[in-house]
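Presented below is the structure to which this report refers.
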Amino acid sequence: MYPAAFDYAKPATVAEAVSLLSANPDAKILNGGHSLLPAMKLRLAQPAMLVDIGGISELKQVSVNGGATIGAAATYDDLLKHDGLKAHTALYEAMSKVGDVQVRNRGTVGGSAAHADPAADIPAALIALGAELVAVGPNGTRTIAADDFFVDILTTALEPDEVLTEIRIPASGASSAYEKFAHPASGYAVCGVAVALERDGEGTVTNARIAVTGSVYKATRCSAAEAAITGTKATAADIEAAAAVAADGLELAGDHYASAEYRGHLTKVLTKRALTRAAG
Amino acid sequence: MLLSQRVLCKAALAAQARGYPAYWLCAVACQRPKQPDTQPVVRGSAQPSSGQGYPCAEREGMGSMGETHVIGTRMPRADAPAKLRGQERFAGDLPVHGLLHARPVLSLQAHARLNGIDASAALAVPGVVAVLTAADLPFSGGGPPRANESLARTEIVYAGQPVALVIAESEAAAEEGAALVEILADDLPVVIDPLAAMAPDAALARVLTKASEDATEAAMHGVAAGGVVDAPSERLSANVSGRTHLHMGDIAAGFAKADVTAEGSFSTAWVHQGYIEPQTCVAIPNGMGGLTLHASTQGLFRTRQLVAQTLGLPEDRIRIVAMPVGGGFGGKFGLVEPLTAGAALAVGRPVRLAFTRSEDLLASNPASGGRIEVKIGARRDGRVTALQARLVFDTGAYPNSPMAAAAFAVAGCYHFPNLDVRGYEVLTNRLGPGAYRAPGNPQASFAVEAVMDDLAAQLSMDPIAFRLKNVPVEGDPRPDGKVWPVIGLQECLQRLSTHPLWQKRCAGGTATNGRYREGIGVAVGGWRGGLEPAAAFCNLDPAGVLTIVVGAVDLSGTFTTFRMIAAETLGIDYELIRVVSADSSNAPIAGGSGGSKIIYTVGQAVQRAALDAKAQILDLASSVLEAAPEDLEIAGDRVRVKGMPSEPAYEISIARIAQLTIGLGARYAPISGRGTGAQTANAPGFSAHLARVGVDLDTGRVDVLEYVATQDVGRALNPAAVEGQITGAVVQGIGWGLYEQIVHDDSGQVLSGSLMDYALPKADVVPPIETVLVEVPSPDGPFGARGVGEPPVIPVAAAIANAIQNATGVRPTAMPMTPESLWRALVK
């Protein structure tokens with residue numbers, strides 16, 4: 001279990017990290033390392049250089065004031081200690097269901113987003129909460145909506161020489177939840193569903209965002225279910241009807257542990273459960 | 001102060017000084033009241049260890065006694081402190097001068113004609129010393145097929161099979177080199193479905209080579225079925241490498257007598273033993289054509305034999321040093337040792353081969369899967385009349401499946417007056433199987449216990465009451481025509497029938513919460529127990545410490561129990577006894593640590609060696625104290641004249657006795673005890689379990705919520721160790737039942753090649769496990785002990801399945817019972 005040889009750099013600033021990435025096209029950013037290092041040991045990834053951003057203190061900042069701004073190198077454990085993040089329930093629940101204590105001590109929201117594992121919890125929560133991801137590259141800073149960030153399996157909208165610096169969760173009155181069916185070995189989501197509901201004073205759903213992970217090749221919005229629940233009072237019957245179409249239009253993934261059909265079924269079950277809690 | 005109290009107090013103080021929790025120590029075993037007969041007694045972890053003591057079984061026999069001082073106490077494992085502190089040194093930790101590191105190159109193809117390899121890129125890696133192929137290994141061809149093919153020769157027979165071995169100055173260089181070796185091989189048709197592979201015209205899993213019978217591993221576990229093997233009448237393909245046929249009575253007449261019948265077809269998966277330490281060996285050539293091997297092995301002598309046969313060397317040229325084993329469970333009876341030894345001889349330097357986790361999942365020897373069909377008939381009064389079963393075990397690339405053991409197990413827990421059990425073992429292009437804790441038995445139990453439950457339902461009988469009508473007792477015929485000795489299955493079931501958890505089920509008290517339903521299930525299992533001759537020595541050291549020398553390997557605390565046996569037998573303090581494992585060049589004979597036989601066989605030898613030493617000690621003391629031996633007693637750290645005051649004239653310390661036997665001019669012969677034995681009668685151990693589960697009807701996910709395990713252990717010599725064995729086995733059984741499977745695709749690729757995919761049960765899915773020890777003493781085991789390792793893994797998956805059936809009305813028919821498989825059954 002030895003990775004191929006690689007160089008290692010530990011920049012002190014984001015600018016330094018960007019220049020290292022620009023100068024070394026085969027470099028990868030090392031953050032928590034809980035996805036990248038196992039991949040390297042299995043020789044599934046063989047970066048020529050690791051740029052360790054763990055020494056950049058500004059990337060560990062967290063501020064919560066209605067919305068939240070999360071530094072890309074803040075660990076799950078850091079974040080779970082912020083009570084203010086509990087208002088963003090889908091993200092808080094997703095973080096608390098990542099791996100185990102050891103993983104949460106090292107792993108980061110930024111790392112999970114940038115790695116874009118199709119079975120990771122965080123991408124679904126970020127999409128459901130309408131998060132924005134901030135990247136810094138040679139040409140400056142840009143902001144990417146979570147809807148546009150996750151492009152494909154292990155592929156994001158980030159350029160190779162860009163550093164993800166922070167994740168912004170907008171302030172909203174949304175009530176959210178995350179439901180997960182974990183793989184018994186890896187702990188990753190066989191299926192995970194994050195929902196966020198905004199409702200008016202009458203209790204009518206004015207905006208619904210529902211995102212699924214694990215069942216699909218990249219975290220994806222369940223637009224049929226969103227449409228079905230929007231405009232309703234989110235009664236049990238409304239939720240049932242929305243959950244029934246949750247897998248519609250999704251490109252479902254399947255493997256030896258869980259077939260595409262079963263994952264589609266789980267998508268419906270978890271959508272129902274997440275909606276029920278978010279609406280309750 | 002009584003001796004026993006003193007022993008316990010010292011043990012307690014020592015334990016507390018080491019920071020052990022007080023509950024590790026037994027509730028004052030010395031205060032146990034005697035019990036007049038051999039009625040079985042029950043001890044449970046749920047009982048308070050408040051100091052009242054437990055009644056204790058009594059029987060006469062060699063060294064047995066009603067009142068014991070050390071036996072029956074909860075002794076912390078002697079090997080625990082080093083392991084808990086990370087100070088244990090395993091085979092892979094050894095510093096060896098001039099050590100080279102080996103990494104195997106594994107085949108990606110499951111069946112192929114091997115044309116050669118291209119090692120040029122690997123050889124160019126700095127630090128790489130050699131890239132070995134089968135032709136480079138000094139093998140004689142005299143080993144079993146799997147050892148002979150440690151590196152594939154002409155035919156690759158499974159994906160994951162080692163084809164070449166890269167030897168380098170560092171592990172990293174070896175790995176770098178291994179990644180660069182190219183295997184040149186042409187695909188052959190892949191055989192992966194054992195049922196299809198039986199057909200006369202099926203493609204063959206081997207076309208260029210043969211895999212001959214290798215029954216040694218089954219024999220190692222004492223599991224030869226003993227059935228009658230008929231002349232094969234069916235026309236089957238050459239993939240069928242073995243058959244068994246057990247029959248008794250008249251099967252047609254048996255079913256004719258039945259008022260009800262139930263049947264089912266059950267599939268089981270390949271399951272890895274899940275030991276923590278992967279397969280590891282360090283081989284050091286001695287410069288004279290021989291080798292020393294430091295191995296993670298469960299059996300010194302079997303490993304020596306395997307290596308010697310494979311290399312074509314006399315056994316005395318091979319020295320095996322058994323290192324502390326980081327788990328074996330049957331999977332470490334010799335796998336990487338021949339290859340490591342051959343590589344070390346080939347390069348003339350010490351070589352270490354330590355599998356990675358993935359290599360262990362791809363290329364080791366897990367339990368194999370298959371299909372078991374069972375049909376049972378019963379009369380209205382609840383007596384079974386007939387059993388018919390057909391077992392097909394996939395044996396992968398090498399014939400070593402537990403088919404024969406499973407055939408016995410299918411019929412072994414009930415008295416079937418008429419039975420017909422046919423077993424088949426089929427070669428495929430998967431890795432070869434090995435032993436795993438009660439080989440074949442969890443699979444058999446999963447099938448039989450399901451059908452028994454279904455019959456009880458048809459008869460509207462309580463499942464435990466139904467089983468109690470049919471369990472064998474002493475004198476009943478076994479499926480192989482022999483007769484059962486005294487066994488405690490009935491007692492285990494009786495104990496469960498009154499357990500509050502079963503009472504809850506009888507009262508219909510399982511909970512339902514919307515789409516989450518609970519159920520309670522029962523299942524039983526049994527293991528005949530292995531037999532193998534054993535010897536032990538013990539010597540009194542200059543310091544007055546009695547050192548016991550054995551050729552067994554310390555697994556699951558057996559050495560701690562040896563110390564207890566010797567302490568009890570001699571009357572010497574537990575702290576003044578130690579146990580060492582000698583290497584194969586000088587160790588007394590012992591079987592491998594498998595088959596639940598070490599305490600039963602080596603324990604007996606230890607007991608006899610202690611008795612021999614005791615006689616010598618008393619004889620010497622008799623001479624010094626000028627008192628008859630029968631007037632003397634050994635009390636902790638001294639020998640004293642019974643009934644006399646504690647004065648120098650009436651006592652002599654064990655240490656002083658030692659001094660009188662050692663050194664220039666000493667006048668007495670050294671104290672050196674010898675014990676040998678050849679147990680010839682099995683002491684079967686049975687277990688009966690209850691599981692309470694919760695089933696999420698929407699997803700099919702199953703949670704095990706509560707678990708009760710009863711087991712007839714004969715006599716719990718160290719209840720803490722016995723309960724540990726049972727608890728660990730239940731966890732492994734939960735893995736069998738719900739999680740674990742090595743999955744191959746149709747092309748023979750392993751899809752579960754890491755612990756990211758292969759699911760072992762973790763702490764968060766294991767419920768509280770209550771152990772209830774039933775003690776029906778075995779006639780020949782030390783202090784009445786039976787083997788305890790195997791029985792508790794057997795009924796777990798079956799008990800969970802029956803609980804799921806109780807919760808949902810759906811009968812699971814495939815292990816593991818994954819959420820998707822259960823969901824499919826639920827929506828059917």
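Every chain in the structure tokens has a letter given in the order shown (A, B, ...), and although residue numbers restart at 1 in each chain, ligands are simply numbered from 1 in the order shown.
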Exercise for the section: Select all residues from chain A having any atom no more than 12 Å from an atom of chain B (counting only C-alpha atoms, ignoring ligands), output as a PyMOL selection string. Expected result: chain A and resi 1-5+35+38-39+41-44+99-100+180-188+190-191+254-270+272-273
Residues of the last selection are to be written out with N, CA and C atoms, as a CSV table (one decimal), in the first residue's frame.
```csv
chain,number,residue,atom,x,y,z
A,1,MET,N,0.8,-1.2,0.0
A,1,MET,CA,0.0,0.0,0.0
A,1,MET,C,0.9,1.2,0.0
A,2,TYR,N,1.8,1.3,-0.9
A,2,TYR,CA,2.6,2.5,-1.1
A,2,TYR,C,2.2,3.2,-2.3
A,3,PRO,N,2.0,4.6,-2.1
A,3,PRO,CA,1.7,5.3,-3.3
A,3,PRO,C,2.9,5.5,-4.2
A,4,ALA,N,2.7,5.8,-5.5
A,4,ALA,CA,3.8,6.2,-6.3
A,4,ALA,C,4.5,7.4,-5.8
A,5,ALA,N,5.7,7.6,-6.1
A,5,ALA,CA,6.5,8.8,-5.6
A,5,ALA,C,5.8,10.1,-6.0
A,35,SER,N,-10.0,11.0,1.1
A,35,SER,CA,-10.3,10.4,-0.2
A,35,SER,C,-9.1,10.3,-1.1
A,38,PRO,N,-6.2,7.4,0.2
A,38,PRO,CA,-6.5,6.0,-0.2
A,38,PRO,C,-6.4,5.7,-1.7
A,39,ALA,N,-6.9,6.7,-2.5
A,39,ALA,CA,-6.8,6.5,-3.9
A,39,ALA,C,-5.4,6.4,-4.4
A,41,LYS,N,-2.8,5.3,-2.5
A,41,LYS,CA,-2.3,4.1,-2.1
A,41,LYS,C,-2.7,2.9,-3.0
A,42,LEU,N,-3.9,3.0,-3.5
A,42,LEU,CA,-4.4,2.0,-4.4
A,42,LEU,C,-3.9,2.3,-5.9
A,43,ARG,N,-3.1,3.4,-6.0
A,43,ARG,CA,-2.5,3.8,-7.3
A,43,ARG,C,-3.6,4.1,-8.3
A,44,LEU,N,-4.8,4.5,-7.8
A,44,LEU,CA,-5.8,5.0,-8.7
A,44,LEU,C,-5.6,6.5,-9.0
A,99,GLY,N,-18.7,9.3,7.4
A,99,GLY,CA,-17.7,8.4,7.9
A,99,GLY,C,-17.9,8.2,9.4
A,100,ASP,N,-16.8,8.3,10.1
A,100,ASP,CA,-16.9,8.1,11.6
A,100,ASP,C,-16.1,9.2,12.2
A,180,LYS,N,-30.1,9.5,4.8
A,180,LYS,CA,-29.0,8.7,4.2
A,180,LYS,C,-29.2,7.3,4.5
A,181,PHE,N,-28.9,6.5,3.4
A,181,PHE,CA,-28.8,5.0,3.6
A,181,PHE,C,-27.4,4.7,3.3
A,182,ALA,N,-26.6,4.3,4.4
A,182,ALA,CA,-25.2,4.2,4.3
A,182,ALA,C,-24.8,2.8,3.8
A,183,HIS,N,-23.7,2.7,3.0
A,183,HIS,CA,-23.1,1.5,2.7
A,183,HIS,C,-22.5,0.9,3.9
A,184,PRO,N,-22.7,-0.4,4.2
A,184,PRO,CA,-22.2,-1.0,5.4
A,184,PRO,C,-20.7,-1.1,5.5
A,185,ALA,N,-20.0,-1.1,4.4
A,185,ALA,CA,-18.5,-1.1,4.4
A,185,ALA,C,-17.9,0.3,4.4
A,186,SER,N,-18.2,1.0,3.4
A,186,SER,CA,-17.6,2.3,3.2
A,186,SER,C,-18.2,3.4,4.0
A,187,GLY,N,-19.4,3.3,4.3
A,187,GLY,CA,-20.1,4.4,5.0
A,187,GLY,C,-20.6,5.5,4.1
A,188,TYR,N,-20.2,5.4,2.8
A,188,TYR,CA,-20.7,6.3,1.8
A,188,TYR,C,-22.2,6.1,1.6
A,190,VAL,N,-25.3,4.9,-0.1
A,190,VAL,CA,-25.9,4.1,-1.2
A,190,VAL,C,-27.0,5.0,-1.8
A,191,CYS,N,-27.6,5.8,-1.0
A,191,CYS,CA,-28.5,6.8,-1.4
A,191,CYS,C,-28.6,7.9,-0.3
A,254,GLY,N,-26.0,1.6,-10.5
A,254,GLY,CA,-26.2,0.4,-9.8
A,254,GLY,C,-24.9,-0.4,-9.7
A,255,ASP,N,-24.7,-1.1,-8.6
A,255,ASP,CA,-23.5,-2.0,-8.5
A,255,ASP,C,-23.9,-3.3,-7.8
A,256,HIS,N,-22.9,-4.1,-7.4
A,256,HIS,CA,-23.3,-5.4,-6.9
A,256,HIS,C,-24.0,-5.3,-5.5
A,257,TYR,N,-23.8,-4.2,-4.8
A,257,TYR,CA,-24.4,-4.1,-3.5
A,257,TYR,C,-25.9,-3.6,-3.7
A,258,ALA,N,-26.1,-2.7,-4.6
A,258,ALA,CA,-27.5,-2.1,-4.7
A,258,ALA,C,-27.7,-1.8,-6.2
A,259,SER,N,-28.7,-2.4,-6.7
A,259,SER,CA,-29.0,-2.2,-8.2
A,259,SER,C,-29.6,-0.8,-8.4
A,260,ALA,N,-29.6,-0.4,-9.7
A,260,ALA,CA,-30.2,0.9,-10.0
A,260,ALA,C,-31.7,1.0,-9.6
A,261,GLU,N,-32.4,-0.1,-9.8
A,261,GLU,CA,-33.8,-0.2,-9.4
A,261,GLU,C,-34.0,0.1,-7.9
A,262,TYR,N,-33.1,-0.6,-7.1
A,262,TYR,CA,-33.2,-0.5,-5.7
A,262,TYR,C,-32.8,1.0,-5.2
A,263,ARG,N,-31.8,1.5,-5.9
A,263,ARG,CA,-31.4,2.9,-5.5
A,263,ARG,C,-32.5,3.9,-5.9
A,264,GLY,N,-33.2,3.6,-7.0
A,264,GLY,CA,-34.4,4.4,-7.3
A,264,GLY,C,-35.4,4.4,-6.3
A,265,HIS,N,-35.7,3.1,-5.8
A,265,HIS,CA,-36.6,3.0,-4.7
A,265,HIS,C,-36.2,3.7,-3.5
A,266,LEU,N,-34.9,3.6,-3.1
A,266,LEU,CA,-34.4,4.3,-1.9
A,266,LEU,C,-34.6,5.8,-2.1
A,267,THR,N,-34.3,6.3,-3.3
A,267,THR,CA,-34.5,7.7,-3.5
A,267,THR,C,-35.9,8.2,-3.1
A,268,LYS,N,-36.9,7.4,-3.5
A,268,LYS,CA,-38.2,7.7,-3.1
A,268,LYS,C,-38.5,7.7,-1.6
A,269,VAL,N,-38.0,6.6,-1.0
A,269,VAL,CA,-38.2,6.4,0.4
A,269,VAL,C,-37.5,7.5,1.2
A,270,LEU,N,-36.3,7.8,0.8
A,270,LEU,CA,-35.5,8.9,1.6
A,270,LEU,C,-36.1,10.3,1.3
A,272,LYS,N,-39.2,10.9,0.8
A,272,LYS,CA,-40.4,11.0,1.7
A,272,LYS,C,-40.0,11.3,3.1
A,273,ARG,N,-39.0,10.6,3.6
A,273,ARG,CA,-38.6,10.8,5.0
A,273,ARG,C,-38.0,12.2,5.2
```
Practice task
Can you pull out every residue within 8 Å of Ala635 of chain B, counting only C-alpha atoms, but drop anything in the same chain fewer than 5 positions away, and send it as a PyMOL selection string?
Solution key: chain B and resi 3+571-573+640
Practice task
Record the distance separating atom CA of Phe333 of chain B and atom CA of Trp736 of chain B, expressed in Å with one decimal.
Solution key: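 Separation of atom CA of Phe333 of chain B and atom CA of Trp736 of chain B: 21.4 Å.
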Exercise for the section: Determine the nearest neighbour of Ala174 of chain A from the options A:Ala145, A:Val212, A:Ala87, A:Leu50, counting only C-alpha atoms. Expected result: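 Using only C-alpha atoms, Ala174 of chain A sits closest to A:Ala87.
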Handout entry: Residues within 12 Å of segment 661-664 of chain B, only C-alpha atoms, excluding chain neighbours under 2 positions, as JSON, numbers by chain
Key = {"B": [539, 540, 541, 542, 543, 544, 616, 617, 620, 621, 654, 655, 656, 657, 658, 659, 666, 667, 668, 669, 670, 671, 672]}
Handout entry: Nearest-residue call for Ala116 of chain A, choices A:Ser175, A:Asn31, A:Thr156, A:Ser57, using only C-alpha atoms
Key = A:Thr156
Exercise for the section: From a DSSP calculation on the backbone, collect every residue of segment 56-231 of chain A in strand (DSSP E) and output the set as a PyMOL selection string. Expected result: chain A and resi 62-65+67-71+132-137+140-145+150-152+155-156+163-169+175-182+189-199+205-213+220-221
Handout entry: All helix (DSSP H, G or I) residues (DSSP, backbone) inside segment 191-415 of chain B, as an MDAnalysis selection string
Key = chainID B and resid 194:197 216:220 251:256 300:311 315:317 337:347 357:363 403:412
Practice task
Find the spatial neighbours of Asn65 of chain A, counting only C-alpha atoms, within a cut-off of 12 Å - ignore same-chain residues fewer than 6 positions away - and output them as a list of chain:residue names.
Solution key: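 Contacts, with the query itself left out: A:His82, A:Asp83, A:Gly84, A:Leu85, A:Ala87, A:His88, A:Arg168, A:Ile169, A:Pro170, A:Ala171, A:Ser172.
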Problem - Å distance separating atom CA of Arg430 of chain B from atom CA of Val181 of chain B, one decimal place - result: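 These atoms are spaced 22.3 Å apart.
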